[in-house]
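Inspection log for the structure reproduced underneath, given as structure tokens.
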Amino acid sequence: MDIHSDSNSAFRRGLAGYLRAIAAAVGVSKEGTTFEISDTATAYLALDGRWSGRPGQDLMLVWSERHGWVVAVETDPAEAPVVLAYFGGDDPVPEPRVVARFVTDVVAGVAAGGHDDRPPRPAFSIVNNRQLLAERLARYDVDPS
């Protein structure tokens, strides 16, 4: 048995469960989410709300294992998204209710503590800590049915 294959499978299941929990907390259906695990693990949620600064464009909530969560305005596919705020702190896997509060605060224009317009330093290095991140996500590795 390949230990790396088992580890990647556990990481995938944990991330999928975490994304489901975040989606439920922010009120996004499963169809509005996606994730990818390659050299960097990322997740995406299409948010229902709009931001007053760009009322004609959609909002998104994006996660990466390097920088955690960010709320951004979706732009033309050829352009970079407009970042509204990064979730601050050293925890790349904050509780879903905390992420939901972050989204609410950002959309409302509230400058809540720990939220910043600059990306935080990477909390985990991919090479050395993907196993640790998988362990953090393991509690979300549950049967979705």
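The way I read the labels, and the way they are meant: chains A, B, ... in the order of the structure tokens, residue 1 as the first residue of every chain, and ligand 1 as the first ligand shown, with later ones counted on from there.
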Within 7 Å of Glu74 (chain A), counting only C-alpha atoms, which residues qualify if same-chain residues fewer than 5 places away don't, as an mmCIF file with C-alpha atoms, in the first residue's frame?
```cif
data_model
loop_
_atom_site.group_PDB
_atom_site.id
_atom_site.type_symbol
_atom_site.label_atom_id
_atom_site.label_comp_id
_atom_site.auth_asym_id
_atom_site.auth_seq_id
_atom_site.Cartn_x
_atom_site.Cartn_y
_atom_site.Cartn_z
ATOM 1 C CA GLN A 57 -19.861 41.781 -10.189
ATOM 2 C CA ASP A 58 -20.040 38.540 -8.244
ATOM 3 C CA LEU A 59 -18.165 37.807 -5.042
ATOM 4 C CA MET A 60 -16.123 34.731 -4.312
ATOM 5 C CA PRO A 81 -9.728 39.152 -8.974
ATOM 6 C CA VAL A 82 -10.096 42.269 -6.833
#
```
List as a PyMOL selection string the protein and nucleic acid residues near Pro94 (chain A), meaning an atom at most 10 Å away when only C-alpha atoms are counted, but skip any in the same chain fewer than 2 places from it. chain A and resi 18+22+68-69+87+89-92+96-99+136
Could those selected residues go to a file with N, CA and C atoms, as a short mmCIF file (atom, residue, chain, number, x, y, z; two decimals), in the first residue's frame?
```cif
data_model
loop_
_atom_site.label_atom_id
_atom_site.label_comp_id
_atom_site.auth_asym_id
_atom_site.auth_seq_id
_atom_site.Cartn_x
_atom_site.Cartn_y
_atom_site.Cartn_z
N TYR A 18 -14.39 19.94 4.71
CA TYR A 18 -14.22 21.30 5.22
C TYR A 18 -14.94 22.28 4.30
N ILE A 22 -17.89 24.89 5.30
CA ILE A 22 -17.79 26.33 5.03
C ILE A 22 -18.98 26.77 4.19
N GLY A 68 -4.75 30.71 3.29
CA GLY A 68 -6.05 30.67 3.95
C GLY A 68 -7.14 31.29 3.08
N TRP A 69 -8.10 31.97 3.75
CA TRP A 69 -9.29 32.48 3.07
C TRP A 69 -9.13 33.91 2.60
N PHE A 87 -8.30 36.68 5.34
CA PHE A 87 -8.53 36.31 6.73
C PHE A 87 -7.18 36.22 7.41
N GLY A 89 -4.33 35.82 10.63
CA GLY A 89 -4.03 34.79 11.62
C GLY A 89 -3.18 33.69 11.06
N ASP A 90 -2.78 32.81 11.94
CA ASP A 90 -1.88 31.71 11.56
C ASP A 90 -2.61 30.42 11.25
N ASP A 91 -3.92 30.38 11.39
CA ASP A 91 -4.66 29.15 11.19
C ASP A 91 -5.23 29.08 9.78
N PRO A 92 -4.72 28.17 8.94
CA PRO A 92 -5.25 28.06 7.58
C PRO A 92 -6.59 27.32 7.53
N PRO A 96 -15.69 27.02 10.54
CA PRO A 96 -16.64 27.54 9.55
C PRO A 96 -17.42 28.76 10.03
N ARG A 97 -17.86 28.78 11.28
CA ARG A 97 -18.63 29.93 11.78
C ARG A 97 -17.77 31.20 11.78
N VAL A 98 -16.46 31.06 12.02
CA VAL A 98 -15.55 32.20 12.02
C VAL A 98 -15.36 32.72 10.59
N VAL A 99 -15.27 31.80 9.64
CA VAL A 99 -15.15 32.20 8.22
C VAL A 99 -16.44 32.89 7.78
N ARG A 136 -5.30 18.32 10.35
CA ARG A 136 -6.21 19.38 10.78
C ARG A 136 -7.57 19.25 10.09
#
```
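Using only C-alpha atoms, the shortest contact distance between Ala100 (chain A) and any of A:Gly88, A:Gly14, A:Ala25, A:Val73 is found at A:Ala25.
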Taking only C-alpha atoms into account, which of A:Ala85, A:Val103, A:Val93, A:Leu45 comes nearest Arg66 (chain A)?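 With only C-alpha atoms as the atom set, the closest residue is A:Val93.
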8 Å contact set for Ser64 (chain A), only C-alpha atoms, chain neighbours under 3 positions out, as a ChimeraX atom specification: /A:40-43,67-69
Would you save the residues of that selection, restricted to C-alpha atoms, as a JSON list (two decimals), in the first residue's frame?
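Contents of the output file result.json:
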```json
[["chain", "number", "residue", "atom", "x", "y", "z"],
["A", 40, "THR", "CA", -1.11, 23.86, -4.06],
["A", 41, "ALA", "CA", -4.53, 22.97, -2.66],
["A", 42, "THR", "CA", -7.24, 25.54, -3.37],
["A", 43, "ALA", "CA", -10.99, 25.87, -2.91],
["A", 67, "HIS", "CA", -2.74, 31.89, 2.54],
["A", 68, "GLY", "CA", -6.05, 30.67, 3.95],
["A", 69, "TRP", "CA", -9.29, 32.48, 3.07]]
```
For Glu65 (chain A), the nearest of the candidates A:Ala80, A:Leu137, A:Val107, A:Ala23, counting only C-alpha atoms: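 Of the candidates, the smallest distance to Glu65 (chain A) is held by A:Leu137.
Interatomic distance, CA of Arg50 (chain A) to CA of Pro77 (chain A): 18.0 Å.
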Separation of CA of Val62 (chain A) from CA of Ala21 (chain A), in Å and rounded to one decimal: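 So the two atoms, CA of Val62 (chain A) and CA of Ala21 (chain A), lie 14.1 Å apart.
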Please extract the residues of region 10-144 of chain A with a backbone DSSP assignment of strand (DSSP E or B) and present them as JSON, numbers by chain. {"A": [33, 34, 35, 36, 37, 41, 42, 43, 44, 45, 46, 47, 59, 60, 61, 62, 63, 64, 68, 69, 70, 71, 72, 73, 82, 83, 84, 85, 86, 87, 115, 116]}
Take the residues that were just selected and, keeping C-alpha atoms, output them as a compact mmCIF listing (two decimals), in the first residue's frame.
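Okay, out-v5.txt is ready:
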```txt
# COMPACT_ATOMS: atom_id res chain seq x y z
CA THR A 33 -18.13 25.12 -4.74
CA THR A 34 -15.07 23.45 -6.14
CA PHE A 35 -11.58 22.52 -5.02
CA GLU A 36 -8.33 21.29 -6.51
CA ILE A 37 -5.29 19.59 -5.07
CA ALA A 41 -4.53 22.97 -2.66
CA THR A 42 -7.24 25.54 -3.37
CA ALA A 43 -10.99 25.87 -2.91
CA TYR A 44 -13.61 28.21 -4.37
CA LEU A 45 -17.12 29.23 -3.29
CA ALA A 46 -19.38 31.47 -5.39
CA LEU A 47 -20.98 33.87 -2.91
CA LEU A 59 -18.16 37.81 -5.04
CA MET A 60 -16.12 34.73 -4.31
CA LEU A 61 -14.57 33.14 -1.27
CA VAL A 62 -11.29 31.43 -2.07
CA TRP A 63 -9.01 29.28 0.09
CA SER A 64 -5.43 28.18 -0.44
CA GLY A 68 -6.05 30.67 3.95
CA TRP A 69 -9.29 32.48 3.07
CA VAL A 70 -9.85 35.58 0.93
CA VAL A 71 -12.99 37.39 -0.20
CA ALA A 72 -12.64 38.83 -3.69
CA VAL A 73 -14.67 40.31 -6.52
CA VAL A 82 -10.10 42.27 -6.83
CA VAL A 83 -9.19 41.20 -3.29
CA LEU A 84 -11.35 42.78 -0.59
CA ALA A 85 -9.77 41.09 2.44
CA TYR A 86 -7.65 38.18 3.57
CA PHE A 87 -8.53 36.31 6.73
CA HIS A 115 -8.79 40.91 8.34
CA ASP A 116 -6.34 42.54 6.00
```
Measuring atom to atom with only C-alpha atoms, identify which of A:Ala78, A:Leu15, A:Arg101, A:Gly56 is nearest to Gly27 (chain A).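 The shortest atom-to-atom distance to Gly27 (chain A) comes from A:Arg101.
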Residue nearest Ala24 (chain A) - candidates A:Asp141, A:Asp105, A:Glu135, A:Glu95, atoms counted: only C-alpha atoms: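 Closest to Ala24 (chain A), using only C-alpha atoms: A:Glu95.
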